[in-house]
file input-v2.csv (CSV, C-alpha atoms)
chain,number,residue,atom,x,y,z
A,1,MET,CA,1.5,-26.8,-2.0
A,2,GLU,CA,2.8,-24.4,-4.7
A,3,LEU,CA,1.3,-21.0,-5.2
A,4,GLN,CA,0.1,-21.8,-8.7
A,5,GLU,CA,-1.7,-24.9,-7.5
A,6,LEU,CA,-3.4,-22.8,-4.8
A,7,GLU,CA,-4.4,-20.2,-7.4
A,8,GLN,CA,-6.0,-23.0,-9.4
A,9,LEU,CA,-7.9,-24.2,-6.4
A,10,VAL,CA,-9.2,-20.8,-5.6
A,11,ARG,CA,-10.3,-20.1,-9.2
A,12,GLU,CA,-12.4,-23.3,-9.3
A,13,ARG,CA,-16.0,-23.0,-8.4
A,14,ASN,CA,-16.1,-25.8,-6.0
A,15,VAL,CA,-13.2,-24.7,-3.8
A,16,THR,CA,-13.9,-24.8,-0.1
A,17,LEU,CA,-12.3,-22.0,1.9
A,18,SER,CA,-11.0,-22.9,5.3
A,19,THR,CA,-13.1,-21.9,8.3
A,20,ALA,CA,-10.2,-19.6,9.4
A,21,PHE,CA,-10.3,-17.7,6.1
A,22,PRO,CA,-13.1,-15.1,7.0
A,23,ALA,CA,-11.3,-14.1,10.2
A,24,LEU,CA,-8.0,-13.8,8.5
A,25,MET,CA,-9.4,-11.6,5.8
A,26,ARG,CA,-11.1,-9.4,8.4
A,27,LYS,CA,-7.7,-9.0,10.0
A,28,VAL,CA,-6.1,-7.9,6.7
A,29,TYR,CA,-8.6,-5.0,6.4
A,30,VAL,CA,-8.6,-4.1,10.1
A,31,TRP,CA,-4.9,-3.8,10.1
A,32,MET,CA,-4.9,-1.8,6.8
A,33,THR,CA,-7.5,0.6,8.1
A,34,MET,CA,-5.7,1.0,11.4
A,35,ALA,CA,-2.5,1.9,9.5
A,36,LEU,CA,-4.3,4.4,7.3
A,37,GLY,CA,-5.8,6.0,10.4
A,38,ILE,CA,-2.4,6.2,12.1
A,39,THR,CA,-0.9,7.8,8.9
A,40,ALA,CA,-3.7,10.3,8.6
A,41,LEU,CA,-3.4,11.4,12.3
A,42,SER,CA,0.4,11.6,12.2
A,43,ALA,CA,0.3,13.7,9.0
A,44,TYR,CA,-2.4,16.1,10.3
A,45,GLY,CA,-0.7,16.3,13.7
A,46,VAL,CA,2.7,17.3,12.2
A,47,ALA,CA,1.0,19.7,9.7
A,48,SER,CA,-0.7,21.4,12.6
A,49,ASN,CA,2.4,21.9,14.6
A,50,PRO,CA,4.7,24.7,13.4
A,51,ASN,CA,7.6,23.5,15.5
A,52,MET,CA,7.4,20.0,14.1
A,53,LEU,CA,7.2,21.4,10.6
A,54,GLN,CA,10.3,23.5,11.2
A,55,LEU,CA,12.2,20.5,12.6
A,56,ILE,CA,11.3,18.2,9.7
A,57,TYR,CA,11.3,20.6,6.7
A,58,GLY,CA,13.9,23.0,8.0
A,59,ASN,CA,16.6,20.5,7.3
A,60,SER,CA,16.5,18.2,4.2
A,61,MET,CA,18.6,15.7,6.0
A,62,VAL,CA,15.7,14.9,8.4
A,63,ILE,CA,13.4,14.1,5.5
A,64,TRP,CA,16.0,11.8,3.9
A,65,LEU,CA,16.5,10.0,7.3
A,66,LEU,CA,12.8,9.5,7.6
A,67,ILE,CA,12.6,8.0,4.1
A,68,ILE,CA,15.5,5.8,4.7
A,69,ALA,CA,14.0,4.6,8.0
A,70,GLU,CA,10.7,3.8,6.3
A,71,LEU,CA,12.4,1.8,3.5
A,72,GLY,CA,14.5,0.0,6.1
A,73,LEU,CA,11.5,-0.9,8.2
A,74,VAL,CA,9.6,-2.3,5.2
A,75,MET,CA,12.6,-4.3,4.0
A,76,TYR,CA,13.4,-5.6,7.4
A,77,THR,CA,9.9,-6.6,8.2
A,78,THR,CA,9.4,-8.3,4.9
A,79,ALA,CA,12.7,-10.2,5.0
A,80,ARG,CA,12.4,-11.4,8.6
A,81,ILE,CA,8.6,-11.9,9.0
A,82,ASP,CA,9.1,-15.6,9.5
A,83,ARG,CA,11.4,-14.9,12.5
A,84,LEU,CA,9.6,-12.0,14.0
A,85,SER,CA,6.8,-12.5,16.6
A,86,LEU,CA,3.4,-11.2,15.6
A,87,THR,CA,3.6,-8.5,18.3
A,88,THR,CA,7.0,-7.3,17.0
A,89,ALA,CA,5.8,-7.3,13.3
A,90,THR,CA,2.6,-5.4,14.3
A,91,THR,CA,4.6,-2.9,16.2
A,92,LEU,CA,6.9,-2.3,13.2
A,93,PHE,CA,3.9,-1.9,11.0
A,94,VAL,CA,2.5,0.8,13.4
A,95,ILE,CA,5.8,2.6,13.5
A,96,TYR,CA,6.1,2.5,9.7
A,97,SER,CA,2.5,3.9,9.4
A,98,ALA,CA,3.4,6.8,11.8
A,99,LEU,CA,6.7,7.6,10.0
A,100,ASN,CA,4.9,7.6,6.7
A,101,GLY,CA,2.3,10.0,8.1
A,102,ILE,CA,5.1,12.3,9.1
A,103,THR,CA,6.6,12.4,5.7
A,104,LEU,CA,3.2,12.9,4.1
A,105,SER,CA,2.4,15.9,6.3
A,106,SER,CA,3.4,18.1,3.4
A,107,VAL,CA,0.2,17.0,1.7
A,108,PHE,CA,-1.8,19.2,4.1
A,109,LEU,CA,0.4,22.1,3.3
A,110,ALA,CA,0.2,21.8,-0.5
A,111,TYR,CA,-3.5,21.0,-0.9
A,112,ALA,CA,-6.8,22.3,0.5
A,113,MET,CA,-8.6,20.1,3.0
A,114,THR,CA,-11.6,19.8,0.7
A,115,THR,CA,-9.4,18.6,-2.1
A,116,ILE,CA,-7.7,16.0,0.2
A,117,GLY,CA,-11.1,14.8,1.4
A,118,GLN,CA,-12.5,14.5,-2.2
A,119,VAL,CA,-9.5,12.7,-3.5
A,120,PHE,CA,-9.6,10.4,-0.5
A,121,VAL,CA,-13.2,9.4,-1.3
A,122,ILE,CA,-12.3,8.8,-4.9
A,123,THR,CA,-9.3,6.7,-3.8
A,124,ALA,CA,-11.4,4.7,-1.4
A,125,GLY,CA,-14.1,4.0,-4.0
A,126,THR,CA,-11.6,3.0,-6.7
A,127,PHE,CA,-9.6,0.8,-4.2
A,128,ALA,CA,-12.7,-0.9,-2.9
A,129,ALA,CA,-13.9,-1.7,-6.5
A,130,MET,CA,-10.6,-3.1,-7.6
A,131,ALA,CA,-10.0,-5.1,-4.4
A,132,ALA,CA,-13.5,-6.6,-4.8
A,133,TYR,CA,-12.7,-7.5,-8.4
A,134,GLY,CA,-9.4,-9.1,-7.5
A,135,TYR,CA,-11.2,-11.1,-4.7
A,136,PHE,CA,-14.2,-12.3,-6.7
A,137,THR,CA,-12.8,-12.7,-10.3
A,138,LYS,CA,-11.9,-16.2,-11.5
A,139,THR,CA,-9.5,-14.8,-14.0
A,140,ASP,CA,-5.8,-15.5,-13.2
A,141,LEU,CA,-4.2,-12.0,-12.6
A,142,SER,CA,-0.7,-13.3,-12.0
A,143,LYS,CA,0.6,-12.6,-15.5
A,144,ILE,CA,-0.9,-9.1,-15.4
A,145,GLY,CA,0.6,-8.6,-11.9
A,146,ASN,CA,4.1,-9.5,-13.1
A,147,ILE,CA,3.8,-6.9,-16.0
A,148,LEU,CA,2.5,-4.3,-13.5
A,149,PHE,CA,5.4,-5.0,-11.2
A,150,MET,CA,7.9,-4.4,-14.0
A,151,ALA,CA,6.0,-1.2,-15.0
A,152,LEU,CA,6.3,-0.1,-11.4
A,153,ILE,CA,10.1,-0.4,-11.6
A,154,GLY,CA,10.0,1.7,-14.8
A,155,LEU,CA,7.8,4.3,-13.1
A,156,VAL,CA,10.3,4.6,-10.2
A,157,ILE,CA,13.2,5.0,-12.6
A,158,ALA,CA,11.3,7.6,-14.7
A,159,THR,CA,10.3,9.5,-11.5
A,160,LEU,CA,13.9,9.7,-10.4
A,161,VAL,CA,15.0,10.9,-13.8
A,162,ASN,CA,12.3,13.6,-13.7
A,163,LEU,CA,13.7,14.9,-10.4
A,164,PHE,CA,16.5,16.3,-12.6
A,165,MET,CA,14.5,17.1,-15.7
A,166,LYS,CA,11.7,18.8,-13.8
A,167,SER,CA,9.3,18.3,-16.6
A,168,ALA,CA,5.7,19.2,-15.6
A,169,MET,CA,4.3,17.3,-18.6
A,170,LEU,CA,6.3,14.2,-17.8
A,171,ASP,CA,5.3,14.5,-14.2
A,172,MET,CA,1.6,14.6,-15.1
A,173,ALA,CA,2.0,11.6,-17.5
A,174,LEU,CA,3.7,9.6,-14.7
A,175,SER,CA,0.9,10.4,-12.4
A,176,TYR,CA,-1.7,8.9,-14.8
A,177,ILE,CA,0.6,5.9,-15.3
A,178,GLY,CA,1.0,5.5,-11.6
A,179,VAL,CA,-2.8,5.5,-11.1
A,180,LEU,CA,-3.2,2.7,-13.7
A,181,ILE,CA,-0.4,0.7,-12.2
A,182,PHE,CA,-1.8,0.8,-8.6
A,183,VAL,CA,-5.3,0.2,-9.8
A,184,GLY,CA,-4.1,-3.0,-11.3
A,185,LEU,CA,-1.8,-3.9,-8.4
A,186,THR,CA,-4.7,-3.5,-6.0
A,187,ALA,CA,-6.7,-6.2,-7.9
A,188,TRP,CA,-3.7,-8.5,-8.2
A,189,ASP,CA,-2.7,-8.1,-4.6
A,190,SER,CA,-6.3,-8.8,-3.4
A,191,GLN,CA,-6.3,-12.0,-5.4
A,192,LYS,CA,-2.9,-13.0,-4.2
A,193,ILE,CA,-3.8,-12.4,-0.5
A,194,LYS,CA,-7.0,-14.5,-1.0
A,195,VAL,CA,-4.9,-17.3,-2.4
A,196,MET,CA,-2.4,-17.2,0.5
A,197,LEU,CA,-5.1,-17.2,3.2
A,198,ALA,CA,-7.6,-19.5,1.5
A,199,THR,CA,-6.2,-22.8,2.9
A,200,ARG,CA,-4.9,-21.6,6.2
A,201,GLN,CA,-6.5,-24.0,8.8
A,202,ASP,CA,-6.2,-21.8,11.8
A,203,VAL,CA,-5.8,-18.2,13.0
A,204,GLY,CA,-2.5,-18.9,14.7
A,205,GLU,CA,0.5,-16.6,14.7
A,206,THR,CA,1.9,-17.8,11.3
A,207,SER,CA,-1.4,-17.2,9.6
A,208,GLN,CA,-1.9,-13.8,11.2
A,209,LYS,CA,1.6,-12.7,10.1
A,210,ILE,CA,0.6,-13.6,6.5
A,211,ALA,CA,-2.5,-11.5,6.9
A,212,LEU,CA,-0.4,-8.7,8.4
A,213,MET,CA,1.9,-8.7,5.3
A,214,GLY,CA,-1.2,-8.6,3.1
A,215,ALA,CA,-2.4,-5.6,5.0
A,216,LEU,CA,0.9,-3.9,4.5
A,217,THR,CA,0.7,-4.6,0.7
A,218,LEU,CA,-2.8,-3.2,0.4
A,219,TYR,CA,-1.9,-0.2,2.6
A,220,LEU,CA,0.9,0.7,0.2
A,221,ASP,CA,-1.4,0.3,-2.8
A,222,PHE,CA,-3.9,2.6,-1.2
A,223,ILE,CA,-1.4,5.3,-0.2
A,224,ASN,CA,0.3,5.4,-3.6
A,225,LEU,CA,-3.1,5.4,-5.5
A,226,PHE,CA,-4.1,8.3,-3.3
A,227,LEU,CA,-1.0,10.3,-3.9
A,228,TYR,CA,-1.1,9.9,-7.7
A,229,LEU,CA,-4.8,10.8,-7.8
A,230,LEU,CA,-4.0,13.8,-5.6
A,231,ARG,CA,-1.4,15.0,-8.1
A,232,ILE,CA,-3.9,14.7,-10.9
A,233,PHE,CA,-7.1,16.2,-9.3
A,234,GLY,CA,-5.5,18.2,-6.5
A,235,ARG,CA,-5.9,22.0,-6.3
A,236,SER,CA,-3.1,23.9,-4.8
A,237,ASN,CA,-3.5,26.0,-1.7
A,238,ASP,CA,-1.6,28.8,-3.4
call {"tool": "encode", "arguments": {"input": "input-v2.csv", "output": "structure tokens"}}
result
Amino acid sequence: MELQELEQLVRERNVTLSTAFPALMRKVYVWMTMALGITALSAYGVASNPNMLQLIYGNSMVIWLLIIAELGLVMYTTARIDRLSLTTATTLFVIYSALNGITLSSVFLAYAMTTIGQVFVITAGTFAAMAAYGYFTKTDLSKIGNILFMALIGLVIATLVNLFMKSAMLDMALSYIGVLIFVGLTAWDSQKIKVMLATRQDVGETSQKIALMGALTLYLDFINLFLYLLRIFGRSND
């Protein structure tokens, strides 16, 4: 059945979700929460270890290698999810979460703990609200989602350009745009995940791998939303 047909089914009032659906949705959020926890622990652990900080930030090549490794893991996992076992895919997700935490350890150096905590709460509340909206709304968000995806590409390009321009005003503007984009993407991805899992008839490995990829998507939405909000509301340690 085509994705558009599934979307139509889910939007209809009389749609009957499969018995496997609640369990699969729980797995999405359990995996996402697990990944966020691993990222937070990795980031804090590195930030608390001077030797690790020196190893990572003493040589810019190390950071670039970590970023390349992260991108490679996401691309590999996404492209080969059908061929990977659930155990392997989950392991790669865990590794990615840890690597992401290592690269995000600089957050604990740049911002006060109270600021990080406050922005995390704001992020969690915003994320929960938009995920719930995407889940419960009967409005088709696919067109908005496509626009947001194109806007995300523009955001990435503008961010890369600003690495050379070093414009503080543009950086702040991009932060606000980034928040808007990931707020919208959270709702769209929530709806999309519901559509993909709605008619799964079991919690077998194939269904769980779909749930795992949904968890990865929402994890990325949360992390990016947090980082953009931190740039807006964060107070420097300096």
call {"tool": "residues_around", "arguments": {"input": "input-v2.csv", "residues": "A:Thr217", "least_positions_apart": "5", "cutoff": "9 Å", "atoms": "all atoms listed in the file", "output": "JSON, numbers by chain"}}
result
{"A": [32, 186, 189, 212, 222]}
call {"tool": "closest_residue", "arguments": {"input": "input-v2.csv", "among": "A:Ala112, A:Leu92, A:Leu141, A:Leu225", "to": "A:Met75", "atoms": "all atoms listed in the file"}}
result
A:Leu92
call {"tool": "closest_residue", "arguments": {"input": "input-v2.csv", "among": "A:Ile122, A:Leu148, A:Val107, A:Ile223", "to": "A:Ser48", "atoms": "all atoms listed in the file"}}
result
A:Val107
call {"tool": "closest_residue", "arguments": {"input": "input-v2.csv", "among": "A:Ala89, A:Leu185, A:Val203, A:Val161", "to": "A:Lys143", "atoms": "only C-alpha atoms"}}
result
A:Leu185
call {"tool": "closest_residue", "arguments": {"input": "input-v2.csv", "among": "A:Pro22, A:Lys194, A:Ser175, A:Leu41", "to": "A:Ser97", "atoms": "only C-alpha atoms"}}
result
A:Leu41
call {"tool": "closest_residue", "arguments": {"input": "input-v2.csv", "among": "A:Ile102, A:Ile153, A:Leu84, A:Leu163", "to": "A:Ile63", "atoms": "all atoms listed in the file"}}
result
A:Ile102
call {"tool": "atom_distance", "arguments": {"input": "input-v2.csv", "atom1": "atom CA of A:Asn49", "atom2": "atom CA of A:Val30"}}
result
28.6 Å
call {"tool": "closest_residue", "arguments": {"input": "input-v2.csv", "among": "A:Met113, A:Leu227, A:Val183, A:Phe108", "to": "A:Gly125", "atoms": "only C-alpha atoms"}}
result
A:Val183
call {"tool": "residues_around", "arguments": {"input": "input-v2.csv", "residues": "A:Trp31", "least_positions_apart": "6", "cutoff": "10 Å", "atoms": "all atoms listed in the file", "output": "list in words"}}
result
Met25, Gly37, Thr90, Phe93, Val94, Ala211, Leu212, Met213, Gly214, Ala215, Leu216, Leu218 and Tyr219 of chain A
call {"tool": "atom_distance", "arguments": {"input": "input-v2.csv", "atom1": "atom CA of A:Gly145", "atom2": "atom CA of A:Ala23"}}
result
25.7 Å
call {"tool": "atom_distance", "arguments": {"input": "input-v2.csv", "atom1": "atom CA of A:Leu71", "atom2": "atom CA of A:Met196"}}
result
24.3 Å
call {"tool": "decode", "arguments": {"input": "input-v2.csv", "residues": "stretch 173-188 of chain A", "atoms": "all heavy atoms", "output": "tab-separated table (two decimals), in the first residue's frame"}}
result
chain	number	residue	atom	x	y	z
A	173	ALA	N	19.71	35.05	13.34
A	173	ALA	CA	18.55	34.86	12.46
A	173	ALA	C	18.41	33.39	12.06
A	173	ALA	O	17.31	32.83	12.06
A	173	ALA	CB	18.70	35.73	11.22
A	174	LEU	N	19.54	32.75	11.76
A	174	LEU	CA	19.52	31.34	11.39
A	174	LEU	C	19.07	30.46	12.57
A	174	LEU	O	18.43	29.43	12.37
A	174	LEU	CB	20.91	30.89	10.92
A	174	LEU	CG	21.38	31.49	9.59
A	174	LEU	CD1	22.81	31.06	9.29
A	174	LEU	CD2	20.45	31.08	8.46
A	175	SER	N	19.39	30.89	13.78
A	175	SER	CA	18.96	30.14	14.96
A	175	SER	C	17.44	30.16	15.09
A	175	SER	O	16.82	29.12	15.36
A	175	SER	CB	19.60	30.73	16.23
A	175	SER	OG	21.01	30.61	16.19
A	176	TYR	N	16.82	31.32	14.89
A	176	TYR	CA	15.36	31.41	14.94
A	176	TYR	C	14.72	30.59	13.82
A	176	TYR	O	13.72	29.90	14.04
A	176	TYR	CB	14.92	32.86	14.85
A	176	TYR	CG	15.02	33.62	16.14
A	176	TYR	CD1	16.09	34.49	16.39
A	176	TYR	CD2	14.06	33.46	17.14
A	176	TYR	CE1	16.20	35.18	17.59
A	176	TYR	CE2	14.15	34.16	18.34
A	176	TYR	CZ	15.22	35.01	18.56
A	176	TYR	OH	15.32	35.69	19.75
A	177	ILE	N	15.32	30.67	12.64
A	177	ILE	CA	14.80	29.89	11.51
A	177	ILE	C	14.93	28.40	11.81
A	177	ILE	O	14.03	27.60	11.52
A	177	ILE	CB	15.55	30.26	10.21
A	177	ILE	CG1	15.23	31.70	9.82
A	177	ILE	CG2	15.16	29.30	9.08
A	177	ILE	CD1	16.08	32.23	8.68
A	178	GLY	N	16.06	28.01	12.39
A	178	GLY	CA	16.28	26.62	12.73
A	178	GLY	C	15.24	26.10	13.71
A	178	GLY	O	14.73	24.97	13.58
A	179	VAL	N	14.89	26.91	14.70
A	179	VAL	CA	13.85	26.52	15.67
A	179	VAL	C	12.52	26.28	14.95
A	179	VAL	O	11.85	25.26	15.17
A	179	VAL	CB	13.68	27.59	16.76
A	179	VAL	CG1	12.41	27.33	17.57
A	179	VAL	CG2	14.89	27.61	17.68
A	180	LEU	N	12.14	27.21	14.09
A	180	LEU	CA	10.88	27.07	13.36
A	180	LEU	C	10.87	25.81	12.49
A	180	LEU	O	9.87	25.08	12.44
A	180	LEU	CB	10.63	28.30	12.48
A	180	LEU	CG	10.37	29.62	13.23
A	180	LEU	CD1	10.27	30.77	12.24
A	180	LEU	CD2	9.10	29.51	14.06
A	181	ILE	N	11.99	25.55	11.83
A	181	ILE	CA	12.06	24.38	10.95
A	181	ILE	C	11.92	23.09	11.75
A	181	ILE	O	11.14	22.20	11.39
A	181	ILE	CB	13.40	24.38	10.17
A	181	ILE	CG1	13.38	25.49	9.10
A	181	ILE	CG2	13.64	23.02	9.50
A	181	ILE	CD1	14.70	25.65	8.37
A	182	PHE	N	12.64	22.98	12.86
A	182	PHE	CA	12.60	21.71	13.61
A	182	PHE	C	11.34	21.56	14.45
A	182	PHE	O	10.95	20.43	14.76
A	182	PHE	CB	13.88	21.57	14.44
A	182	PHE	CG	15.05	21.13	13.61
A	182	PHE	CD1	16.00	22.04	13.19
A	182	PHE	CD2	15.16	19.81	13.19
A	182	PHE	CE1	17.06	21.65	12.40
A	182	PHE	CE2	16.21	19.41	12.39
A	182	PHE	CZ	17.16	20.33	11.99
A	183	VAL	N	10.70	22.66	14.80
A	183	VAL	CA	9.38	22.56	15.42
A	183	VAL	C	8.41	21.93	14.42
A	183	VAL	O	7.64	21.01	14.76
A	183	VAL	CB	8.88	23.96	15.86
A	183	VAL	CG1	7.37	23.95	16.08
A	183	VAL	CG2	9.56	24.38	17.16
A	184	GLY	N	8.44	22.41	13.19
A	184	GLY	CA	7.58	21.86	12.15
A	184	GLY	C	7.94	20.43	11.79
A	184	GLY	O	7.06	19.57	11.62
A	185	LEU	N	9.24	20.14	11.70
A	185	LEU	CA	9.67	18.79	11.34
A	185	LEU	C	9.27	17.78	12.41
A	185	LEU	O	8.97	16.62	12.10
A	185	LEU	CB	11.18	18.76	11.13
A	185	LEU	CG	11.69	19.36	9.81
A	185	LEU	CD1	13.21	19.34	9.77
A	185	LEU	CD2	11.12	18.61	8.61
A	186	THR	N	9.28	18.21	13.67
A	186	THR	CA	8.88	17.30	14.75
A	186	THR	C	7.43	16.84	14.55
A	186	THR	O	7.12	15.65	14.68
A	186	THR	CB	9.03	17.99	16.12
A	186	THR	OG1	10.40	18.30	16.34
A	186	THR	CG2	8.53	17.08	17.23
A	187	ALA	N	6.55	17.77	14.23
A	187	ALA	CA	5.15	17.42	13.98
A	187	ALA	C	5.01	16.53	12.76
A	187	ALA	O	4.30	15.51	12.79
A	187	ALA	CB	4.32	18.69	13.80
A	188	TRP	N	5.71	16.89	11.69
A	188	TRP	CA	5.63	16.10	10.45
A	188	TRP	C	6.16	14.70	10.65
A	188	TRP	O	5.54	13.71	10.25
A	188	TRP	CB	6.40	16.82	9.34
A	188	TRP	CG	6.40	16.08	8.04
A	188	TRP	CD1	5.34	15.47	7.43
A	188	TRP	CD2	7.51	15.88	7.15
A	188	TRP	NE1	5.72	14.91	6.22
A	188	TRP	CE2	7.04	15.16	6.03
A	188	TRP	CE3	8.84	16.25	7.20
A	188	TRP	CZ2	7.88	14.79	4.99
A	188	TRP	CZ3	9.68	15.90	6.15
A	188	TRP	CH2	9.20	15.17	5.06
